Structures are given as C-alpha cells and as structure tokens.
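Remarks on the structure that follows.
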Amino acid sequence: MKLHKLASPLGSEILDIDLSRPIDDATFRQIDDAFSERSVLVFRDQVMTPAQHVEFSRRFGGLEIHVLKQYLLADFPEILLISNVVENGKPVGIADAGQQWHTDLSYVEIPSRCSILYAKQIPEPGPDKTYGDTCFVSTAAAYDALDPEMQKYLGTLKARHSYLKRPHVRAKLSEEQKKQVPEVIHPVIRTHPVTGRKCIYVNESFTTEIVGLGKEESDALILQLCEHCQSEQFMYRHKWRVGDVLMWDNCSTQHLAVADYGPEQARLMNRTTVRGTAVF
Ligand code: OGA
Ligand code: MN
C-alpha cells in the first residue's frame with residue numbers, strides 16, 4: 001500500500017487503493033493501523049456507489065443513522081447528505097454541518113468513532129484558491145504540546161457538552177426536541193481507545209462548561225483550550241477534489257468546514273458515521 005504522510009502532525013494520503021473493490025483483511029489492517037496513527041486518511045480519485053461506501057465504512061464499526069431523516073439517501077439511510085444544493089425549493093442536505101470547530105457528536109454519551117466523507121461535487125476552484133476546504137487539527141498533538149503541570153491539572157477536570165450550545169440550533173428546536181438531546185459530561189482529556197494517546201476533548205461548538213469552575217474561569221479555560229487546539233502547527237487543511245474520500249477520527253481531531261463559497265457554487269458530500277465506544 002502506498003502511504004504518503006502529509007506534512008502536518010495528522011493525515012496520510014493512500015494512493016493505490018480502490019474503495020469500490022473488496023479489501024482483504026491484511027490490507028484493511030494496514031488501513032486501520034494508518035488511521036489510528038495519523039487520525040485523518042485521504043483516498044483520492046474514488047468512484048464508489050452508496051453500497052460500496054457503506055460496506056467500506058462498516059469495516060470500522062456499526063453505522064449511525066442520523067436523526068435528520070429528510071437528508072438521508074432513500075435506499076441507504078446510513079448515508080447523510082451534506083450540501084448547499086436546493087432542489088425544488090428544498091435543501092437536499094445539511095448546508096452547515098460544521099462551520100465552527102467541533103468533533104462530531106461530542107454532545108452524546110457515546111460519540112462516534114469516525115466519519116467518512118465522499119466528495120461528489122465541489123465548488124469550482126479559482127486560479128489560486130479552492131473553496132469549501134475542511135480544516136483538521138490533532139488534539140493529541142495539541143495535548144502533547146501542553147506543559148506537564150497543565151496536563152496534570154486538565155486530567156482532573158470534566159466538561160459539559162450540549163447540542164444546544166449553538167444559538168441558531170437552539171432556536172430551531174421545539175421544547176420536546178430539546179429534551180431529546182440532554183447534556184452529557186466527558187473528561188476534558190480523553191484517551192484514544194487504540195493508541196492510548198491523550199487528547200484534548202473540549203470544542204467550541206458543543207462544550208458549554210468545565211464542571212466545578214465559576215462561569216468566568218470556565219469560559220476562559222474553554223477559550224484557551226480551543227485557541228490552543230486551533231493553532232496552525234497542529235493543522236491540516238484539506239483542499240477537496242471530486243472523488244476524494246476522507247475519514248477522520250473523532251477522538252484525536254477537531255474539524256471545521258470553511259464557509260467561503262456562495263449558493264451558486266454547488267457542494268455535495270456523502271457521509272457515513274461510524275459508532276464509537278465509551279469515552280474515558
Ligand atoms: C461533517 C462536517 C465538514 C465539511 O460532515 O461532520 O463537519 O467540510 N463536514 O463538510
Ligand atoms: Mn463534523
């Protein structure tokens with residue numbers, strides 16, 4: 001397998017795998033190992049059907065079915081559409097799947113292990129610019145860069161996460177729906193279930209409070225940790241091409257969808273979400 005490490009603390013490109021074909025166990029193990037080590041994998045020039053996308057994703061674990069039923073592929077509810085495309089007055093997918101730094105599903109008890117995104121349509125690039133990039137940071141590298149005293153202190157803390165932190169989301173849900181997304185508490189530093197690396201698990205989108213601190217101190221610490229994680233030195237910025245399949249680890253990374261394109265520039269991604277294991 002041809003693996004190319006990207007020049008950032010996370011991410012590898014895999015150059016010679018065709019995801020539309022069955023993958024033998026030995027090859028899968030290499031992919032899985034590379035994924036644990038690098039947190040982000042990029043496969044270029046893929047042409048796969050929804051069934052093949054689902055089949056490949058299932059190798060990593062059971063798949064989540066998103067609550068927003070109107071954005072699931074009719075025959076493949078495991079596939080969620082992320083898109084700004086509007087057809088007959090109706091959006092075909094979720095337009096804002098993450099335009100603020102986040103990790104997927106940190107607001108549930110058992111967050112997802114990873115998400116696998118397949119680029120079907122991408123905004124036309126300009127002469128020296130691409131649009132609709134996605135940025136990733138390594139929360140493991142960000143943890144390693146903290147001084148030992150800080151690491152020790154953070155290791156004693158827990159934080160509250162809520163889907164309702166973002167005001168535009170809060171505004172759209174009924175009281176009944178709000179009850180269906182109760183807050184959860186996770187450790188501020190979580191351990192990667194495979195590599196054992198420690199990762200900062202506080203994010204701008206969903207972390208509302210560090211448990212036991214006063215509001216001011218809590219807000220300041222959340223901001224400090226988010227700013228630290230978002231530093232260039234821990235970042236990989238993915239410039240999409242049609243046919244890219246990119247997967248990311250939701251323990252050891254955070255990501256951000258760059259919203260720098262207009263409604264006239266169609267962007268369409270198919271996403272699967274792999275279930276995770278208990279946070280510790
Ligand atoms: C997601 C997400 C980023 C993007 O699907 O979870 O954050 O660039 N997507 O579409
Ligand atoms: Mn996301």
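Labeling convention for the structure tokens: chains A, B, ... as they appear, residues from 1 per chain, ligands from 1 in order of appearance.
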
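For ligand 2, the protein and nucleic acid residues at most 10 Å away, judged by only C-alpha atoms and all ligand atoms, amount to A:Ile82, A:Asp96, A:Ala97, A:Gly98, A:Gln99, A:Gln100, A:Trp101, A:His102, A:Thr103, A:Asp104, A:Leu105, A:Cys114, A:Ser115, A:Leu117, A:Thr134, A:Trp248, A:Asn250, A:Gln254, A:His255, A:Leu256, A:Ala257, A:Arg271, A:Thr273.
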
May I have the selected residues written with N, CA and C atoms, as a compact mmCIF listing (two decimals), in the first residue's frame?
```txt
# COMPACT_ATOMS: atom_id res chain seq x y z
N ILE A 82 -24.50 16.09 2.91
CA ILE A 82 -24.04 17.41 3.37
C ILE A 82 -24.00 18.25 2.10
N ASP A 96 -25.04 23.46 6.74
CA ASP A 96 -24.00 23.76 7.72
C ASP A 96 -23.79 22.52 8.60
N ALA A 97 -22.81 21.71 8.19
CA ALA A 97 -22.55 20.52 9.01
C ALA A 97 -21.40 20.78 9.96
N GLY A 98 -20.88 22.00 9.98
CA GLY A 98 -19.77 22.21 10.91
C GLY A 98 -18.91 23.41 10.58
N GLN A 99 -19.53 24.57 10.51
CA GLN A 99 -18.77 25.77 10.15
C GLN A 99 -18.20 26.48 11.37
N GLN A 100 -18.14 25.73 12.44
CA GLN A 100 -17.48 26.15 13.67
C GLN A 100 -16.67 24.93 14.11
N TRP A 101 -15.53 25.13 14.77
CA TRP A 101 -14.72 23.98 15.17
C TRP A 101 -15.52 23.03 16.06
N HIS A 102 -15.38 21.74 15.77
CA HIS A 102 -16.13 20.74 16.55
C HIS A 102 -15.55 19.35 16.36
N THR A 103 -16.02 18.40 17.16
CA THR A 103 -15.85 16.99 16.82
C THR A 103 -17.25 16.43 16.77
N ASP A 104 -17.49 15.51 15.85
CA ASP A 104 -18.84 15.03 15.62
C ASP A 104 -19.39 14.30 16.85
N LEU A 105 -20.60 14.72 17.22
CA LEU A 105 -21.35 14.02 18.28
C LEU A 105 -20.70 14.03 19.67
N CYS A 114 -15.59 7.66 14.01
CA CYS A 114 -15.06 8.41 12.88
C CYS A 114 -16.17 8.69 11.88
N SER A 115 -15.91 9.62 11.00
CA SER A 115 -16.83 9.95 9.93
C SER A 115 -16.08 9.80 8.62
N LEU A 117 -16.26 10.88 4.63
CA LEU A 117 -16.91 11.84 3.73
C LEU A 117 -16.41 11.62 2.31
N THR A 134 -11.82 21.82 4.18
CA THR A 134 -12.09 21.42 5.56
C THR A 134 -10.77 21.39 6.32
N TRP A 248 -11.95 10.87 9.28
CA TRP A 248 -11.28 11.47 10.43
C TRP A 248 -11.73 10.81 11.72
N ASN A 250 -12.76 10.98 15.52
CA ASN A 250 -13.45 11.98 16.33
C ASN A 250 -12.94 12.09 17.76
N GLN A 254 -10.20 17.68 15.75
CA GLN A 254 -11.36 18.57 15.64
C GLN A 254 -11.36 19.04 14.19
N HIS A 255 -12.52 19.46 13.68
CA HIS A 255 -12.54 19.96 12.31
C HIS A 255 -13.49 21.14 12.13
N LEU A 256 -13.31 21.78 10.98
CA LEU A 256 -14.06 22.99 10.64
C LEU A 256 -14.29 23.02 9.14
N ALA A 257 -15.55 23.24 8.73
CA ALA A 257 -15.86 23.40 7.31
C ALA A 257 -15.74 24.89 6.98
N ARG A 271 -21.88 11.28 3.52
CA ARG A 271 -21.17 10.98 4.76
C ARG A 271 -21.73 9.74 5.44
N THR A 273 -21.21 7.69 9.27
CA THR A 273 -20.74 7.96 10.64
C THR A 273 -20.64 6.64 11.38
```

Check range 62-204 of chain A with DSSP on the backbone and list each residue it calls alpha helix (DSSP H), as a PyMOL selection string. chain A and resi 139-144+148-154+167-172+175-179

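Minimum atom-to-atom distance to ligand 1, evaluated using only C-alpha atoms and all ligand atoms, belongs to A:Gly93 out of A:Gly11, A:Gly93, A:Pro263, A:Gly243.
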
Within 6 Å of range 146-157 of chain A, counting only C-alpha atoms, which residues show up once you throw out same-chain ones fewer than 3 positions away? Write them as a list in words, please.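 Contacts, in chain order: Tyr143, Val188 and Ile189 of chain A.
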
Could you turn the residues from that selection into a file that holds all heavy atoms, as a compact mmCIF listing (two decimals), in the first residue's frame?
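Just written: result-v3.txt:
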```txt
# COMPACT_ATOMS: atom_id res chain seq x y z
N TYR A 143 -2.41 18.22 22.86
CA TYR A 143 -2.21 17.80 24.25
C TYR A 143 -0.72 17.68 24.55
O TYR A 143 -0.23 18.19 25.56
CB TYR A 143 -2.90 16.46 24.53
CG TYR A 143 -2.60 15.92 25.92
CD1 TYR A 143 -3.33 16.36 27.02
CD2 TYR A 143 -1.55 15.02 26.13
CE1 TYR A 143 -3.03 15.92 28.30
CE2 TYR A 143 -1.26 14.56 27.41
CZ TYR A 143 -1.99 15.02 28.50
OH TYR A 143 -1.68 14.58 29.76
N VAL A 188 -12.16 16.21 30.28
CA VAL A 188 -11.53 17.25 29.46
C VAL A 188 -10.39 16.65 28.62
O VAL A 188 -10.14 17.06 27.49
CB VAL A 188 -11.04 18.40 30.37
CG1 VAL A 188 -10.04 19.30 29.67
CG2 VAL A 188 -12.25 19.20 30.84
N ILE A 189 -9.72 15.68 29.17
CA ILE A 189 -8.69 14.94 28.44
C ILE A 189 -9.17 13.51 28.27
O ILE A 189 -9.42 12.83 29.27
CB ILE A 189 -7.35 14.94 29.22
CG1 ILE A 189 -6.89 16.36 29.55
CG2 ILE A 189 -6.27 14.16 28.44
CD1 ILE A 189 -6.65 17.26 28.35
```
